[in-house]
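**Student:** Sending over a structure as structure tokens; questions will come in a sec.
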Amino acid sequence: MADSLQATGAETVTNEAERPREAREERLQQLVQAQRLAAGLTVAAVVLALVALFGPQPNDRLLALLVALPLLALLFVIAWRDRFRIGLGAGSAQANLAAPCAVAACALFARTWLDLNLVSWLPLIAFALAVGLIFLVAAARFESNLRRRWWRLIAAAVITAAYAFGVLGQFDQRLDGSPQSMLRSRIVEKHLGHSRIATYHLALAPWGPFDTVTDATVLQDLYERLETGDPVCVRLRDGAFGIAWFTVAACR
């Protein structure tokens, strides 16, 4: 009987000793899977950004994927906070999703800045700065480790502002259901963009809300079809969020 009790007691001690080891192994496996997922999202973000920046002018689906990537990363952090983080907590074993968020936000910002023709950029810039400032204050208050690493805090706020800039700018145009006003202008000059990303610009004579020559981004085929001095039709719309924008087309 004594031998049986000793054996049972030894088995219990062994099982209790194995449980922490099994938990550690399971935790390690979860972290490895999270790291792989983070690496996959980073690769996807880089590929999408390269296509968006250096391929043909991006379509709605590509831009939607750039918008969705940071939101997806945020959902992962909310659902599995013990496995994922977004740039915070340096040295942590959690998988960091900061890279796909930053890459997607920067690509979205660049495409918005390069492609959209706005009557005024001030409302969009003000909105982005406000979002970045709110993030800065909230993160500094609730993430004490960031107060000791202020450069990371500022970088995260800038990326957040860039994402907000891109999202509002794209949604303002693509969700716009307002009627368009048709105005006429004339091409004063043609020129390519000054960045490595191919963009095509027409300088237009004063029209509508502009009393001076204004620059407009157009598609490549329209740029190649029109010449300096040609008349153009400008389609002006109010914007889904009140940020007026316009496109240029050849007059029929």
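Ordering of the structure tokens sets the chain letters (A, B, ...), residue numbers begin anew at 1 in every chain, and ligands are numbered from 1 in the order given.
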Please return, as a PyMOL selection string, all residues of region 157-242 of chain A that DSSP assigns to alpha helix (DSSP H) on the basis of the backbone.

**Tutor:** chain A and resi 157-174+220-225

**Student:** What's the 9 Å shell around region 167-178 of chain A, counting only C-alpha atoms, without same-chain residues fewer than 3 positions away, as a list of chain:residue names?

**Tutor:**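 Close residues of region 167-178 of chain A: A:Asp60, A:Leu63, A:Val67, A:Ala105, A:Leu108, A:Phe109, A:Thr112, A:Trp113, A:Leu116, A:Leu124, A:Phe127, A:Ala128, A:Ala162, A:Tyr163, A:Ala164, A:Arg237, A:Asp238, A:Gly239, A:Ala240, A:Phe241, A:Gly242, A:Ile243, A:Ala244, A:Trp245.
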
**Student:** Take the residues from that selection and write them out as a PDB file, in the first residue's frame, keeping C-alpha atoms.

**Tutor:**
ATOM      1  CA  ASP A  60     -10.024  50.330 -56.019  1.00  0.00           C
ATOM      2  CA  LEU A  63      -6.170  50.634 -52.480  1.00  0.00           C
ATOM      3  CA  VAL A  67      -6.441  50.414 -46.223  1.00  0.00           C
ATOM      4  CA  ALA A 105       0.274  53.713 -44.598  1.00  0.00           C
ATOM      5  CA  LEU A 108      -1.483  54.964 -49.272  1.00  0.00           C
ATOM      6  CA  PHE A 109      -0.244  58.443 -48.376  1.00  0.00           C
ATOM      7  CA  THR A 112      -3.229  59.976 -52.350  1.00  0.00           C
ATOM      8  CA  TRP A 113      -0.756  62.867 -52.518  1.00  0.00           C
ATOM      9  CA  LEU A 116      -5.735  63.314 -56.171  1.00  0.00           C
ATOM     10  CA  LEU A 124      -7.138  66.854 -45.500  1.00  0.00           C
ATOM     11  CA  PHE A 127      -7.560  66.111 -40.389  1.00  0.00           C
ATOM     12  CA  ALA A 128      -4.375  64.029 -40.633  1.00  0.00           C
ATOM     13  CA  ALA A 162      -0.135  59.429 -42.990  1.00  0.00           C
ATOM     14  CA  TYR A 163      -2.668  56.599 -42.832  1.00  0.00           C
ATOM     15  CA  ALA A 164      -5.474  58.976 -41.860  1.00  0.00           C
ATOM     16  CA  ARG A 237     -17.267  67.588 -57.387  1.00  0.00           C
ATOM     17  CA  ASP A 238     -17.921  68.368 -53.709  1.00  0.00           C
ATOM     18  CA  GLY A 239     -16.408  65.222 -52.165  1.00  0.00           C
ATOM     19  CA  ALA A 240     -18.052  62.683 -49.866  1.00  0.00           C
ATOM     20  CA  PHE A 241     -16.640  64.509 -46.815  1.00  0.00           C
ATOM     21  CA  GLY A 242     -16.790  68.021 -48.209  1.00  0.00           C
ATOM     22  CA  ILE A 243     -13.268  68.102 -49.649  1.00  0.00           C
ATOM     23  CA  ALA A 244     -13.817  69.310 -53.215  1.00  0.00           C
ATOM     24  CA  TRP A 245     -11.845  67.540 -55.949  1.00  0.00           C
TER      25      TRP A 245
END

**Student:** Neighbouring residues of Val47 (chain A) were defined as those with any atom within 10 Å, considering only C-alpha atoms; residues of the same chain fewer than 5 positions away were excluded. Please report them as a PyMOL selection string.

**Tutor:** chain A and resi 41-42+52-53+103-104

**Student:** Pick out the closest residue to Pro179 (chain A) from this set: A:Val158, A:Leu236, A:Leu65, A:Leu48. Count only C-alpha atoms.

**Tutor:** A:Leu236

**Student:** Counting only C-alpha atoms, figure out which residue out of A:Gln220, A:Thr228, A:Gln33, A:Gln57 gets nearest to Ser185 (chain A).

**Tutor:**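 For Ser185 (chain A), the nearest of the given residues is A:Thr228.
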
**Student:** If you measure from CA of Thr247 (chain A) to CA of Ala68 (chain A), what distance in Å do you get, rounded to one decimal?

**Tutor:**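 Here the two named atoms are 25.9 Å from each other.
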
**Student:** Can you tell me, as a JSON list (two decimals) with N, CA and C atoms, in the first residue's frame, what residues are no more than 12 Å from region 92-102 of chain A when counting only C-alpha atoms, ignoring any on the same chain fewer than 6 positions away?

**Tutor:**
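Full text of part.json as output:
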[["chain", "number", "residue", "atom", "x", "y", "z"],
["A", 27, "ARG", "N", 3.23, 27.96, -25.63],
["A", 27, "ARG", "CA", 3.42, 29.41, -25.77],
["A", 27, "ARG", "C", 4.46, 29.70, -26.86],
["A", 28, "LEU", "N", 5.54, 28.93, -26.86],
["A", 28, "LEU", "CA", 6.58, 29.13, -27.86],
["A", 28, "LEU", "C", 6.06, 28.85, -29.26],
["A", 29, "GLN", "N", 5.24, 27.80, -29.39],
["A", 29, "GLN", "CA", 4.66, 27.48, -30.70],
["A", 29, "GLN", "C", 3.74, 28.59, -31.18],
["A", 30, "GLN", "N", 2.95, 29.15, -30.27],
["A", 30, "GLN", "CA", 2.06, 30.26, -30.63],
["A", 30, "GLN", "C", 2.85, 31.47, -31.10],
["A", 31, "LEU", "N", 3.96, 31.77, -30.43],
["A", 31, "LEU", "CA", 4.77, 32.91, -30.80],
["A", 31, "LEU", "C", 5.44, 32.70, -32.16],
["A", 32, "VAL", "N", 5.88, 31.47, -32.41],
["A", 32, "VAL", "CA", 6.50, 31.16, -33.71],
["A", 32, "VAL", "C", 5.47, 31.34, -34.83],
["A", 33, "GLN", "N", 4.26, 30.85, -34.62],
["A", 33, "GLN", "CA", 3.21, 31.03, -35.62],
["A", 33, "GLN", "C", 2.89, 32.51, -35.82],
["A", 34, "ALA", "N", 2.88, 33.27, -34.73],
["A", 34, "ALA", "CA", 2.60, 34.70, -34.83],
["A", 34, "ALA", "C", 3.71, 35.41, -35.61],
["A", 35, "GLN", "N", 4.96, 35.01, -35.36],
["A", 35, "GLN", "CA", 6.09, 35.61, -36.09],
["A", 35, "GLN", "C", 5.98, 35.31, -37.58],
["A", 36, "ARG", "N", 5.58, 34.11, -37.93],
["A", 36, "ARG", "CA", 5.42, 33.75, -39.34],
["A", 36, "ARG", "C", 4.31, 34.57, -39.99],
["A", 37, "LEU", "N", 3.21, 34.73, -39.26],
["A", 37, "LEU", "CA", 2.10, 35.52, -39.79],
["A", 37, "LEU", "C", 2.53, 36.98, -39.99],
["A", 38, "ALA", "N", 3.27, 37.52, -39.02],
["A", 38, "ALA", "CA", 3.75, 38.90, -39.14],
["A", 38, "ALA", "C", 4.68, 39.05, -40.34],
["A", 39, "ALA", "N", 5.55, 38.05, -40.55],
["A", 39, "ALA", "CA", 6.45, 38.10, -41.71],
["A", 39, "ALA", "C", 5.65, 38.04, -43.01],
["A", 40, "GLY", "N", 4.61, 37.20, -43.05],
["A", 40, "GLY", "CA", 3.77, 37.11, -44.23],
["A", 40, "GLY", "C", 3.06, 38.41, -44.53],
["A", 41, "LEU", "N", 2.53, 39.06, -43.50],
["A", 41, "LEU", "CA", 1.86, 40.34, -43.70],
["A", 41, "LEU", "C", 2.83, 41.42, -44.17],
["A", 42, "THR", "N", 4.06, 41.36, -43.66],
["A", 42, "THR", "CA", 5.07, 42.33, -44.09],
["A", 42, "THR", "C", 5.40, 42.16, -45.57],
["A", 43, "VAL", "N", 5.57, 40.91, -45.99],
["A", 43, "VAL", "CA", 5.85, 40.63, -47.41],
["A", 43, "VAL", "C", 4.68, 41.11, -48.27],
["A", 44, "ALA", "N", 3.46, 40.80, -47.83],
["A", 44, "ALA", "CA", 2.28, 41.22, -48.59],
["A", 44, "ALA", "C", 2.21, 42.74, -48.69],
["A", 45, "ALA", "N", 2.51, 43.44, -47.59],
["A", 45, "ALA", "CA", 2.47, 44.90, -47.61],
["A", 45, "ALA", "C", 3.51, 45.47, -48.56],
["A", 46, "VAL", "N", 4.71, 44.90, -48.56],
["A", 46, "VAL", "CA", 5.77, 45.38, -49.45],
["A", 46, "VAL", "C", 5.38, 45.17, -50.91],
["A", 47, "VAL", "N", 4.85, 43.99, -51.23],
["A", 47, "VAL", "CA", 4.44, 43.70, -52.61],
["A", 47, "VAL", "C", 3.34, 44.66, -53.04],
["A", 48, "LEU", "N", 2.33, 44.85, -52.20],
["A", 48, "LEU", "CA", 1.24, 45.76, -52.53],
["A", 48, "LEU", "C", 1.75, 47.19, -52.72],
["A", 49, "ALA", "N", 2.67, 47.61, -51.86],
["A", 49, "ALA", "CA", 3.21, 48.96, -51.96],
["A", 49, "ALA", "C", 3.99, 49.15, -53.25],
["A", 65, "LEU", "N", -6.97, 47.07, -50.20],
["A", 65, "LEU", "CA", -6.05, 46.19, -49.48],
["A", 65, "LEU", "C", -5.06, 46.99, -48.64],
["A", 66, "LEU", "N", -4.58, 48.10, -49.17],
["A", 66, "LEU", "CA", -3.68, 48.96, -48.40],
["A", 66, "LEU", "C", -4.39, 49.55, -47.19],
["A", 67, "VAL", "N", -5.66, 49.90, -47.35],
["A", 67, "VAL", "CA", -6.44, 50.41, -46.22],
["A", 67, "VAL", "C", -6.67, 49.31, -45.18],
["A", 68, "ALA", "N", -6.91, 48.09, -45.66],
["A", 68, "ALA", "CA", -7.29, 47.00, -44.77],
["A", 68, "ALA", "C", -6.12, 46.45, -43.95],
["A", 69, "LEU", "N", -4.90, 46.52, -44.46],
["A", 69, "LEU", "CA", -3.78, 45.89, -43.77],
["A", 69, "LEU", "C", -3.58, 46.42, -42.35],
["A", 70, "PRO", "N", -3.49, 47.73, -42.12],
["A", 70, "PRO", "CA", -3.35, 48.20, -40.74],
["A", 70, "PRO", "C", -4.54, 47.84, -39.86],
["A", 71, "LEU", "N", -5.74, 47.85, -40.43],
["A", 71, "LEU", "CA", -6.92, 47.46, -39.65],
["A", 71, "LEU", "C", -6.85, 45.99, -39.26],
["A", 72, "LEU", "N", -6.38, 45.15, -40.18],
["A", 72, "LEU", "CA", -6.22, 43.73, -39.89],
["A", 72, "LEU", "C", -5.19, 43.52, -38.78],
["A", 73, "ALA", "N", -4.10, 44.27, -38.85],
["A", 73, "ALA", "CA", -3.08, 44.18, -37.80],
["A", 73, "ALA", "C", -3.65, 44.58, -36.45],
["A", 74, "LEU", "N", -4.46, 45.63, -36.44],
["A", 74, "LEU", "CA", -5.08, 46.07, -35.18],
["A", 74, "LEU", "C", -6.02, 45.01, -34.63],
["A", 75, "LEU", "N", -6.77, 44.34, -35.48],
["A", 75, "LEU", "CA", -7.65, 43.26, -35.04],
["A", 75, "LEU", "C", -6.87, 42.11, -34.43],
["A", 76, "PHE", "N", -5.73, 41.78, -35.02],
["A", 76, "PHE", "CA", -4.88, 40.72, -34.46],
["A", 76, "PHE", "C", -4.41, 41.09, -33.05],
["A", 77, "VAL", "N", -4.03, 42.36, -32.88],
["A", 77, "VAL", "CA", -3.55, 42.81, -31.56],
["A", 77, "VAL", "C", -4.68, 42.76, -30.54],
["A", 80, "TRP", "N", -5.53, 38.83, -30.02],
["A", 80, "TRP", "CA", -4.45, 38.03, -29.42],
["A", 80, "TRP", "C", -3.35, 38.97, -28.92],
["A", 81, "ARG", "N", -3.68, 39.71, -27.89],
["A", 81, "ARG", "CA", -2.76, 40.71, -27.37],
["A", 81, "ARG", "C", -1.48, 40.09, -26.82],
["A", 82, "ASP", "N", -1.55, 38.83, -26.40],
["A", 82, "ASP", "CA", -0.36, 38.18, -25.86],
["A", 82, "ASP", "C", 0.59, 37.69, -26.96],
["A", 83, "ARG", "N", 0.15, 37.76, -28.24],
["A", 83, "ARG", "CA", 0.99, 37.26, -29.33],
["A", 83, "ARG", "C", 1.46, 38.35, -30.28],
["A", 84, "PHE", "N", 0.68, 39.43, -30.39],
["A", 84, "PHE", "CA", 0.99, 40.46, -31.37],
["A", 84, "PHE", "C", 1.10, 41.83, -30.70],
["A", 85, "ARG", "N", 1.87, 42.69, -31.32],
["A", 85, "ARG", "CA", 1.96, 44.10, -30.93],
["A", 85, "ARG", "C", 2.21, 44.91, -32.19],
["A", 86, "ILE", "N", 2.04, 46.23, -32.09],
["A", 86, "ILE", "CA", 2.32, 47.12, -33.21],
["A", 86, "ILE", "C", 3.36, 48.13, -32.77],
["A", 108, "LEU", "N", -0.17, 54.33, -49.13],
["A", 108, "LEU", "CA", -1.48, 54.96, -49.27],
["A", 108, "LEU", "C", -1.36, 56.48, -49.27],
["A", 109, "PHE", "N", -0.50, 57.00, -48.40],
["A", 109, "PHE", "CA", -0.24, 58.44, -48.38],
["A", 109, "PHE", "C", 0.32, 58.92, -49.71],
["A", 152, "ARG", "N", 10.24, 56.93, -31.04],
["A", 152, "ARG", "CA", 9.29, 55.93, -31.51],
["A", 152, "ARG", "C", 7.86, 56.46, -31.43],
["A", 155, "ALA", "N", 7.44, 58.79, -34.39],
["A", 155, "ALA", "CA", 7.36, 58.02, -35.65],
["A", 155, "ALA", "C", 5.99, 57.35, -35.78],
["A", 156, "ALA", "N", 5.48, 56.78, -34.69],
["A", 156, "ALA", "CA", 4.17, 56.13, -34.74],
["A", 156, "ALA", "C", 3.07, 57.15, -35.02],
["A", 157, "ALA", "N", 3.18, 58.36, -34.46],
["A", 157, "ALA", "CA", 2.18, 59.40, -34.70],
["A", 157, "ALA", "C", 2.22, 59.85, -36.17],
["A", 158, "VAL", "N", 3.41, 59.97, -36.73],
["A", 158, "VAL", "CA", 3.54, 60.38, -38.14],
["A", 158, "VAL", "C", 2.91, 59.34, -39.06],
["A", 159, "ILE", "N", 3.18, 58.06, -38.78],
["A", 159, "ILE", "CA", 2.61, 56.99, -39.61],
["A", 159, "ILE", "C", 1.09, 56.96, -39.48],
["A", 160, "THR", "N", 0.59, 57.17, -38.28],
["A", 160, "THR", "CA", -0.86, 57.22, -38.08],
["A", 160, "THR", "C", -1.48, 58.38, -38.85],
["A", 161, "ALA", "N", -0.81, 59.54, -38.83],
["A", 161, "ALA", "CA", -1.31, 60.69, -39.58],
["A", 161, "ALA", "C", -1.29, 60.42, -41.08],
["A", 162, "ALA", "N", -0.23, 59.76, -41.56],
["A", 162, "ALA", "CA", -0.14, 59.43, -42.99],
["A", 162, "ALA", "C", -1.26, 58.49, -43.41],
["A", 163, "TYR", "N", -1.57, 57.53, -42.54],
["A", 163, "TYR", "CA", -2.67, 56.60, -42.83],
["A", 163, "TYR", "C", -4.01, 57.33, -42.87]]

**Student:** Please, what distance in Å, to one decimal, runs between CA of Leu226 (chain A) and CA of Thr212 (chain A)?

**Tutor:**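 Here the two named atoms are 20.7 Å from each other.
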